[in-house]
Amino acid sequence: MPAYIFSFHNTCYMCTSFSLFSMYGVNKHYGTPRNPCVPDRVPGGSSSGSAVAVAAKLVDFSLGTDTGASVRVPASYCGILGFRPSLGAVSTVGVLPMSQSYDTVVSHLGWFARDPMILNRIGRVLLHLPDVDPIKPSQIIIAEDCFRLSIIPSDRTAQVLVKSIENLFGAQCVKHVILGDYVKGKVPSLQHFMDKGNEDQKDDIPSLAALSSAMRLLQRYEFKNYHAKWVTKVNPDFGPGISERIWDAIKATGENIDFCHSVRTELRAALTALLGVTSITFIVKDHGILALPTTPGEPPEVQANPATSDIFFSRPFSLLSVAGSSGFCQRTKSTEFMRNITLEIIRTKTKNHDS
């Protein structure tokens, strides 16, 4: 796998290749980077090489891209820290887009680290933020239904998180929400994406599955607008799974696209209200955090059947689409393998909230 290593003030980072449209990080052309945490499992993608370099302690930090979940998933699967900035926090001028509505910074940039201090330092450089003291959150909301979706018992996830919050900030800081019900009631445009036959399913959250459907439809449609001419002319040799998703995107129509945009607008308003975030001339009055699992379980095996892997593809996106569709920033923190807790830090159109 091609890589270039640079150093800066005794801190090293590596630039690696990655596989577009791949949540698993499997690379047909250069080989799949080996997940240091669980070698027989995929590292997650598309920024697989970047995450593996950090997890294997080859570098202190690395950069990745995140349009759908390509920083958050590999951070989760490799047991490291990952950060996806808010939409618009860094300019995308001059960047070749994949999906304009979801590309989040230069080359839709995100970053990885093992050390939270290094993760913080990289963010301050990329976001042009000064050093400030840590800010106490006004509330941390536990998405109870999302934790129930995880295959990891709640006594190893949500309960551990609640105890930690109470020790750090006090019990009054902890709030609870059934996120699926809240989103369903506050985002009426989701009705156009709801699967009427599966509203009572126990292995997913219907409103968040609908949110995922809307997000992926808009991504496919925008990808087609930008890249269909090149794909159809060149017919590149894409890997399994990636090829199918790209050709599905090329076939995407404009049906329901307006509703996709409405979903994003309504969701931003709903989460802003939930977290109680207000901002006056760049002075943040409230800092709300929404906590939920990054992914519902362990990564699939490297040699897993692609048809079986579709299960691993659809269910995580129900969780990942919350930050992806709202445009809010998201940090993935892995306390240990398969105990992954994502904190979605809500902001209102000022990059200061990403701090």
# chains A, B, ... in the order shown; residues from 1 in each chain; ligands from 1
$ select_by_dssp --residues "range 124-327 of chain A" --states "alpha helix (DSSP H)" --output "PyMOL selection string"
chain A and resi 124-127+144-149+158-169+179-186+206-234+242-250+257-275+306-326
$ closest_residue --among "A:Ile151, A:Ala269, A:Ile165, A:Ala51" --to "Ser138 in chain A" --atoms "only C-alpha atoms"
A:Ile165
$ closest_residue --among "A:Arg41, A:His192, A:Lys333, A:His29" --to "Cys260 in chain A" --atoms "only C-alpha atoms"
A:His192
$ atom_distance --atom1 "CA of Met23 in chain A" --atom2 "CA of Pro74 in chain A"
8.1 Å
